[in-house]
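Trainee: So that we are looking at the same thing, I have put the structure below in structure tokens.
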Amino acid sequence: MPELPEVETVKRVLEKIVINRTITSIEVLRNSIIEGDVNAFVNSLLNEKYLSISRIGKFLIFHLTNNKVILSHLRMEGKYYEYDEDEANSKYARVIFHLDNHKKLIYDDSRTFGKMKLLDESNYLKDKGLAKLGPEPFNVTDISPIYKKAQKIRIPIKTAILSQELINGLGNIYVDETLYRSHIHPHTPTNLINKSQWEDIVKNASYIMNRAIELGGSTIKSYHPGKDIDGNFQTEIKIYGKAGEMCPICGHKYRFITTNGRGTTFCPCCQIKIGKPLNIGLTGKIASGKSTVLEVFKKEGYYTISTDEIVANLYKEEKVANHIGKMFNLSFPNKVVDKDILREHLINNPKDKKKLENYVHPLVIEETKRLLSNNENDIRIVEVPLLFQSKMDRLFDSIIIVNSSLNKREEHQKSRDGGKASALRIINESNVIDDRMLEAEFVINNDGTTSDLEKETKKVINKLKSRLG
């Protein structure tokens, strides 16, 4: 989606195209783009001249003669192109303004989410889309009004900034960039952001967007500011879209999570979540000591979930057993999944493991989300052996990995699982934890005694408790 720097770039391009040009005719090829009566929109603008273009946040505002105003929001993919009259229209042309210099201004929008509205100079600032907007970061001279308003908001800070009501103009790219530079976790509750942090947010947002405007915005995926125009700010992006890359400050790897359905990238060590609840993902290879760590959290009074238990309960459901049986042509007694039969099949048919995961993981994710949403504990920890393969890491504010040597794990496996140890070793070899270690905020080494492991776990718990706000 074009953000403030991209819209400012579009504005500057359009000023060279339309100022002092008169509209001779208008074609509306997609009525849904126009808010209000389409015929009134067309008839009211005929023979009017463009006088100037302004911008508020992500809104473009065309000022024309006779106090006419066009309010335009590009939304996801909206673009304006200048074409010669005799050129074929662009592929996704939706509204065409024919001009008095034998040119046409084409509004192109593949997704058709963009909007235009006819207003006038006396009332356009009262439009509900504009009236709710907070100040742009460049224009903030006193942080106090923003801070006071934010104290009443408990949603994640990223969500609050994206709403445009506290500060205006930042979309997904620039929020991720701003919060990274400000060392603020995107899911920290807005009311826990202190005044100094708000000053950092505004200062960093101003710097980032000014720099992006200098470079013509960002060309990300399919978005370009205009015909044959590419922004260059993407060459200076620090974190957006770079999950898995190394943070130059702390040496950890950036993580990807979701924020109200929006993709979010953050650093697990430079951006620590403050405030409750804290959702923690716990993982490690088989027999590394995860269950012991989970038990310590439980004894300390915190909410714990074992996804192994979730899977075990799913395997007891007849519809799940029938589905898995049909997938692999297996017969399970008592209409429940027999883990030994299934394990043996996967060892002999390793390619089927991915097929099983594609079916089971979404069920586990939905059940985990349900359990977390129904619990009000300050700290909730979920043990997920295949945390990264299942992409369940996206659910958690922080990750704990329990790490131990191969000898230690095999010793534990033999004492716990006996003859299954060799099968479990094969499963461990397919685990990606070694490659994802730097995405964890906490790595607990378990090469000592159980007492040592419990002490290290309590140290982590104390750090988490200090963040509850």
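Each chain in the structure tokens gets a letter, A, B, ..., in the order shown, and its residues are numbered from 1; ligands are numbered from 1 in order too.
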Quick one: residues within 10 Å of Phe328 in chain A, only C-alpha atoms, excluding same-chain residues fewer than 2 positions away - as a count of residues only?
Mentor: 13
Trainee: Using only C-alpha atoms, determine which residues lie at most 12 Å from Tyr207 in chain A, disregarding the query and same-chain residues fewer than 3 positions distant; provide the list as a JSON list (two decimals) with N, CA, C and O atoms, in the first residue's frame.
Mentor:
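Ended up saving to selection-v1.json:
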```json
[["chain", "number", "residue", "atom", "x", "y", "z"],
["A", 5, "PRO", "N", 5.09, 8.87, 2.16],
["A", 5, "PRO", "CA", 6.15, 9.28, 1.22],
["A", 5, "PRO", "C", 5.80, 8.98, -0.24],
["A", 5, "PRO", "O", 6.15, 9.76, -1.13],
["A", 137, "PRO", "N", 3.88, 13.45, 11.75],
["A", 137, "PRO", "CA", 5.00, 13.57, 12.69],
["A", 137, "PRO", "C", 5.85, 14.82, 12.46],
["A", 137, "PRO", "O", 6.39, 15.38, 13.41],
["A", 138, "PHE", "N", 5.95, 15.29, 11.22],
["A", 138, "PHE", "CA", 6.74, 16.49, 10.95],
["A", 138, "PHE", "C", 6.16, 17.71, 11.66],
["A", 138, "PHE", "O", 6.87, 18.67, 11.94],
["A", 174, "TYR", "N", 6.60, 1.82, 7.23],
["A", 174, "TYR", "CA", 7.24, 2.85, 8.02],
["A", 174, "TYR", "C", 6.97, 2.69, 9.52],
["A", 174, "TYR", "O", 7.74, 3.19, 10.34],
["A", 177, "GLU", "N", 9.70, 0.24, 10.53],
["A", 177, "GLU", "CA", 10.98, 0.95, 10.56],
["A", 177, "GLU", "C", 11.08, 1.87, 11.78],
["A", 177, "GLU", "O", 12.11, 1.93, 12.45],
["A", 178, "THR", "N", 10.01, 2.57, 12.07],
["A", 178, "THR", "CA", 10.00, 3.51, 13.20],
["A", 178, "THR", "C", 10.13, 2.80, 14.53],
["A", 178, "THR", "O", 10.91, 3.21, 15.40],
["A", 181, "ARG", "N", 13.72, 1.49, 15.09],
["A", 181, "ARG", "CA", 14.65, 2.55, 15.47],
["A", 181, "ARG", "C", 14.37, 3.06, 16.88],
["A", 181, "ARG", "O", 15.26, 3.57, 17.56],
["A", 182, "SER", "N", 13.12, 2.92, 17.32],
["A", 182, "SER", "CA", 12.72, 3.41, 18.65],
["A", 182, "SER", "C", 12.85, 2.34, 19.73],
["A", 182, "SER", "O", 12.57, 2.61, 20.90],
["A", 200, "ASP", "N", 10.65, 9.64, 20.79],
["A", 200, "ASP", "CA", 11.47, 8.85, 19.87],
["A", 200, "ASP", "C", 10.68, 8.44, 18.63],
["A", 200, "ASP", "O", 11.18, 8.47, 17.50],
["A", 201, "ILE", "N", 9.43, 8.01, 18.85],
["A", 201, "ILE", "CA", 8.58, 7.59, 17.74],
["A", 201, "ILE", "C", 8.41, 8.72, 16.74],
["A", 201, "ILE", "O", 8.59, 8.55, 15.53],
["A", 202, "VAL", "N", 8.06, 9.90, 17.24],
["A", 202, "VAL", "CA", 7.82, 11.04, 16.35],
["A", 202, "VAL", "C", 9.11, 11.46, 15.65],
["A", 202, "VAL", "O", 9.13, 11.72, 14.44],
["A", 203, "LYS", "N", 10.21, 11.51, 16.40],
["A", 203, "LYS", "CA", 11.50, 11.90, 15.81],
["A", 203, "LYS", "C", 11.92, 10.91, 14.73],
["A", 203, "LYS", "O", 12.32, 11.32, 13.62],
["A", 204, "ASN", "N", 11.82, 9.62, 15.02],
["A", 204, "ASN", "CA", 12.26, 8.61, 14.05],
["A", 204, "ASN", "C", 11.32, 8.55, 12.85],
["A", 204, "ASN", "O", 11.77, 8.37, 11.71],
["A", 210, "ASN", "N", 10.85, 11.71, 5.93],
["A", 210, "ASN", "CA", 11.54, 12.76, 5.16],
["A", 210, "ASN", "C", 12.57, 12.16, 4.20],
["A", 210, "ASN", "O", 12.69, 12.57, 3.05],
["A", 211, "ARG", "N", 13.30, 11.17, 4.70],
["A", 211, "ARG", "CA", 14.30, 10.50, 3.87],
["A", 211, "ARG", "C", 13.62, 9.75, 2.72],
["A", 211, "ARG", "O", 14.10, 9.78, 1.57],
["A", 212, "ALA", "N", 12.50, 9.09, 3.03],
["A", 212, "ALA", "CA", 11.77, 8.37, 1.99],
["A", 212, "ALA", "C", 11.25, 9.33, 0.92],
["A", 212, "ALA", "O", 11.28, 9.03, -0.28],
["A", 213, "ILE", "N", 10.76, 10.51, 1.34],
["A", 213, "ILE", "CA", 10.28, 11.50, 0.38],
["A", 213, "ILE", "C", 11.42, 11.96, -0.51],
["A", 213, "ILE", "O", 11.27, 12.11, -1.73],
["A", 214, "GLU", "N", 12.60, 12.18, 0.09],
["A", 214, "GLU", "CA", 13.77, 12.58, -0.70],
["A", 214, "GLU", "C", 14.08, 11.57, -1.79],
["A", 214, "GLU", "O", 14.51, 11.92, -2.90]]
```
Trainee: Using DSSP on the backbone coordinates, identify all residues within range 104-290 of chain A classified as helix (DSSP H, G or I); present the result as a PyMOL selection string.
Mentor: chain A and resi 124-126+128-131+137-139+144-150+157-162+172-181+190-192+195-214+233-236+290
Trainee: So which one's closest to Gln271 in chain A, A:Asp397, A:Glu15, A:Asp100, A:Glu8? Using only C-alpha atoms, please.
Mentor: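 Checking each candidate against Gln271 in chain A, we get A:Asp397 as the closest.
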Trainee: Identify all residues of range 296-431 of chain A in strand (DSSP E or B) (DSSP on the backbone) and supply them as a VMD selection string.
Mentor: chain A and resid 303 to 306 379 to 383 398 to 403
Trainee: Name the residues in contact with range 362-366 of chain A at a cut-off of 7 Å, using only C-alpha atoms, excluding same-chain residues fewer than 5 positions from it; report them as a PyMOL selection string.
Mentor: chain A and resi 307+310-311+392
Trainee: Could you tell me how far CA of Cys247 in chain A sits from CA of Glu441 in chain A, in Å to one decimal place?
Mentor: 12.8 Å
Trainee: When you count only C-alpha atoms, which of these residues is closest to His185 in chain A: A:Leu278, A:Leu215, A:Ile167, A:Ile237?
Mentor: A:Leu278
Trainee: Measuring atom to atom with only C-alpha atoms, identify which of A:Lys353, A:Lys273, A:Lys339, A:Lys298 is nearest to Ile461 in chain A.
Mentor: A:Lys298
Trainee: Counting only C-alpha atoms, which of A:Thr292, A:Asn279, A:Ser54, A:Thr112 gets nearest to Leu74 in chain A?
Mentor: A:Thr112
Trainee: Measuring between only C-alpha atoms, which one of A:Gly114, A:Pro277, A:Pro156, A:Pro145 shows the shortest distance to Asn375 in chain A?
Mentor: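 Using only C-alpha atoms, Asn375 in chain A sits closest to A:Pro277.
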Trainee: Just the number, please: distance in Å from CA of Glu136 in chain A to CA of Thr264 in chain A, one decimal.
Mentor: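 Straight-line distance from CA of Glu136 in chain A to CA of Thr264 in chain A works out to 21.9 Å.
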Trainee: One decimal, in Å: what's the spacing between CA of Phe332 in chain A and CA of Lys351 in chain A?
Mentor: 20.4 Å
Trainee: As a VMD selection string, please: the residues near Val337 in chain A (cut-off 7 Å, only C-alpha atoms, same-chain neighbours under 5 positions excluded).
Mentor: chain A and resid 315 to 316 321 332
Trainee: Pull N, CA, C and O atoms from the residues just selected and write them as an mmCIF file, in the first residue's frame.
Mentor:
```cif
data_model
loop_
_atom_site.group_PDB
_atom_site.id
_atom_site.type_symbol
_atom_site.label_atom_id
_atom_site.label_comp_id
_atom_site.auth_asym_id
_atom_site.auth_seq_id
_atom_site.Cartn_x
_atom_site.Cartn_y
_atom_site.Cartn_z
ATOM 1 N N TYR A 315 -5.839 -36.571 18.000
ATOM 2 C CA TYR A 315 -5.723 -37.944 17.525
ATOM 3 C C TYR A 315 -6.807 -38.861 18.096
ATOM 4 O O TYR A 315 -7.050 -39.952 17.580
ATOM 5 N N LYS A 316 -7.459 -38.411 19.159
ATOM 6 C CA LYS A 316 -8.551 -39.197 19.745
ATOM 7 C C LYS A 316 -9.883 -38.927 19.053
ATOM 8 O O LYS A 316 -10.867 -39.635 19.301
ATOM 9 N N ALA A 321 -8.787 -39.149 12.961
ATOM 10 C CA ALA A 321 -8.223 -40.474 12.690
ATOM 11 C C ALA A 321 -8.617 -40.968 11.308
ATOM 12 O O ALA A 321 -7.788 -41.522 10.564
ATOM 13 N N PHE A 332 -6.418 -47.655 11.761
ATOM 14 C CA PHE A 332 -6.205 -47.430 13.191
ATOM 15 C C PHE A 332 -7.304 -48.135 13.988
ATOM 16 O O PHE A 332 -8.498 -47.936 13.711
#
```
Trainee: Near Ile53 in chain A, within 10 Å and counting only C-alpha atoms, which residues show up once chain neighbours fewer than 5 positions away are dropped, as a VMD selection string?
Mentor: chain A and resid 11 to 12 14 to 15 18 to 19 60 to 64 69 to 70
Trainee: The selected residues should be written to file as a JSON list (two decimals), in the first residue's frame (atoms: all heavy atoms).
Mentor:
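And here is the file that came out, result-v1.json:
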```json
[["chain", "number", "residue", "atom", "x", "y", "z"],
["A", 11, "LYS", "N", 2.01, 13.25, -5.51],
["A", 11, "LYS", "CA", 1.58, 14.65, -5.53],
["A", 11, "LYS", "C", 2.56, 15.50, -6.34],
["A", 11, "LYS", "O", 2.15, 16.31, -7.19],
["A", 11, "LYS", "CB", 1.46, 15.17, -4.11],
["A", 11, "LYS", "CG", 1.28, 16.67, -3.98],
["A", 11, "LYS", "CD", 1.28, 17.08, -2.52],
["A", 11, "LYS", "CE", 1.45, 18.58, -2.35],
["A", 11, "LYS", "NZ", 2.78, 19.07, -2.69],
["A", 12, "ARG", "N", 3.84, 15.36, -6.07],
["A", 12, "ARG", "CA", 4.85, 16.18, -6.74],
["A", 12, "ARG", "C", 4.91, 15.88, -8.24],
["A", 12, "ARG", "O", 5.14, 16.78, -9.05],
["A", 12, "ARG", "CB", 6.21, 15.97, -6.09],
["A", 12, "ARG", "CG", 6.24, 16.47, -4.64],
["A", 12, "ARG", "CD", 7.60, 16.27, -3.99],
["A", 12, "ARG", "NE", 7.57, 16.71, -2.59],
["A", 12, "ARG", "CZ", 8.65, 16.77, -1.80],
["A", 12, "ARG", "NH1", 9.85, 16.43, -2.29],
["A", 12, "ARG", "NH2", 8.53, 17.18, -0.56],
["A", 14, "LEU", "N", 2.28, 14.78, -10.01],
["A", 14, "LEU", "CA", 1.04, 15.27, -10.60],
["A", 14, "LEU", "C", 1.02, 16.79, -10.75],
["A", 14, "LEU", "O", 0.40, 17.33, -11.68],
["A", 14, "LEU", "CB", -0.15, 14.82, -9.76],
["A", 14, "LEU", "CG", -0.49, 13.32, -9.83],
["A", 14, "LEU", "CD1", -1.61, 12.99, -8.86],
["A", 14, "LEU", "CD2", -0.88, 12.93, -11.25],
["A", 15, "GLU", "N", 1.68, 17.49, -9.84],
["A", 15, "GLU", "CA", 1.70, 18.95, -9.94],
["A", 15, "GLU", "C", 2.27, 19.41, -11.28],
["A", 15, "GLU", "O", 1.83, 20.40, -11.86],
["A", 15, "GLU", "CB", 2.52, 19.53, -8.79],
["A", 15, "GLU", "CG", 1.78, 19.51, -7.45],
["A", 15, "GLU", "CD", 2.65, 19.97, -6.29],
["A", 15, "GLU", "OE1", 3.89, 19.79, -6.36],
["A", 15, "GLU", "OE2", 2.09, 20.48, -5.31],
["A", 18, "VAL", "N", -0.82, 18.41, -14.06],
["A", 18, "VAL", "CA", -2.21, 18.91, -14.15],
["A", 18, "VAL", "C", -2.39, 20.37, -13.79],
["A", 18, "VAL", "O", -3.45, 20.95, -14.14],
["A", 18, "VAL", "CB", -3.15, 18.05, -13.27],
["A", 18, "VAL", "CG1", -3.11, 16.60, -13.70],
["A", 18, "VAL", "CG2", -2.86, 18.22, -11.79],
["A", 19, "ILE", "N", -1.46, 21.01, -13.07],
["A", 19, "ILE", "CA", -1.69, 22.39, -12.66],
["A", 19, "ILE", "C", -1.91, 23.28, -13.90],
["A", 19, "ILE", "O", -1.15, 23.24, -14.87],
["A", 19, "ILE", "CB", -0.52, 22.92, -11.81],
["A", 19, "ILE", "CG1", -0.37, 22.08, -10.54],
["A", 19, "ILE", "CG2", -0.73, 24.40, -11.46],
["A", 19, "ILE", "CD1", -1.60, 21.99, -9.69],
["A", 60, "LEU", "N", -4.79, 12.52, -1.27],
["A", 60, "LEU", "CA", -4.47, 13.56, -2.25],
["A", 60, "LEU", "C", -5.68, 14.47, -2.39],
["A", 60, "LEU", "O", -6.83, 13.98, -2.48],
["A", 60, "LEU", "CB", -4.15, 12.93, -3.61],
["A", 60, "LEU", "CG", -2.78, 12.30, -3.79],
["A", 60, "LEU", "CD1", -2.75, 11.50, -5.09],
["A", 60, "LEU", "CD2", -1.69, 13.35, -3.79],
["A", 61, "ILE", "N", -5.43, 15.79, -2.44],
["A", 61, "ILE", "CA", -6.53, 16.74, -2.52],
["A", 61, "ILE", "C", -6.29, 17.65, -3.73],
["A", 61, "ILE", "O", -5.33, 18.43, -3.76],
["A", 61, "ILE", "CB", -6.63, 17.58, -1.24],
["A", 61, "ILE", "CG1", -6.79, 16.63, -0.02],
["A", 61, "ILE", "CG2", -7.81, 18.54, -1.30],
["A", 61, "ILE", "CD1", -6.29, 17.20, 1.26],
["A", 62, "PHE", "N", -7.13, 17.52, -4.74],
["A", 62, "PHE", "CA", -7.04, 18.32, -5.95],
["A", 62, "PHE", "C", -7.95, 19.55, -5.78],
["A", 62, "PHE", "O", -9.16, 19.41, -5.59],
["A", 62, "PHE", "CB", -7.49, 17.52, -7.17],
["A", 62, "PHE", "CG", -6.64, 16.31, -7.46],
["A", 62, "PHE", "CD1", -6.90, 15.09, -6.85],
["A", 62, "PHE", "CD2", -5.58, 16.39, -8.35],
["A", 62, "PHE", "CE1", -6.13, 13.97, -7.11],
["A", 62, "PHE", "CE2", -4.80, 15.28, -8.65],
["A", 62, "PHE", "CZ", -5.07, 14.07, -8.01],
["A", 63, "HIS", "N", -7.38, 20.74, -5.87],
["A", 63, "HIS", "CA", -8.14, 21.99, -5.75],
["A", 63, "HIS", "C", -8.36, 22.56, -7.16],
["A", 63, "HIS", "O", -7.39, 22.78, -7.91],
["A", 63, "HIS", "CB", -7.37, 22.99, -4.89],
["A", 63, "HIS", "CG", -7.03, 22.48, -3.52],
["A", 63, "HIS", "ND1", -7.85, 22.66, -2.42],
["A", 63, "HIS", "CD2", -5.96, 21.76, -3.08],
["A", 63, "HIS", "CE1", -7.30, 22.09, -1.36],
["A", 63, "HIS", "NE2", -6.15, 21.53, -1.74],
["A", 64, "LEU", "N", -9.63, 22.80, -7.50],
["A", 64, "LEU", "CA", -9.98, 23.25, -8.84],
["A", 64, "LEU", "C", -10.73, 24.58, -8.77],
["A", 64, "LEU", "O", -11.07, 25.08, -7.69],
["A", 64, "LEU", "CB", -10.83, 22.20, -9.55],
["A", 64, "LEU", "CG", -10.15, 20.84, -9.80],
["A", 64, "LEU", "CD1", -10.54, 19.84, -8.74],
["A", 64, "LEU", "CD2", -10.49, 20.32, -11.18],
["A", 69, "VAL", "N", -13.30, 20.51, -5.15],
["A", 69, "VAL", "CA", -12.21, 19.72, -4.56],
["A", 69, "VAL", "C", -12.46, 18.25, -4.85],
["A", 69, "VAL", "O", -13.59, 17.76, -4.68],
["A", 69, "VAL", "CB", -12.12, 19.93, -3.03],
["A", 69, "VAL", "CG1", -11.16, 18.93, -2.40],
["A", 69, "VAL", "CG2", -11.66, 21.35, -2.71],
["A", 70, "ILE", "N", -11.41, 17.54, -5.30],
["A", 70, "ILE", "CA", -11.48, 16.08, -5.43],
["A", 70, "ILE", "C", -10.61, 15.49, -4.32],
["A", 70, "ILE", "O", -9.40, 15.76, -4.25],
["A", 70, "ILE", "CB", -10.96, 15.58, -6.79],
["A", 70, "ILE", "CG1", -11.74, 16.21, -7.94],
["A", 70, "ILE", "CG2", -11.05, 14.05, -6.86],
["A", 70, "ILE", "CD1", -11.13, 15.92, -9.31]]
```
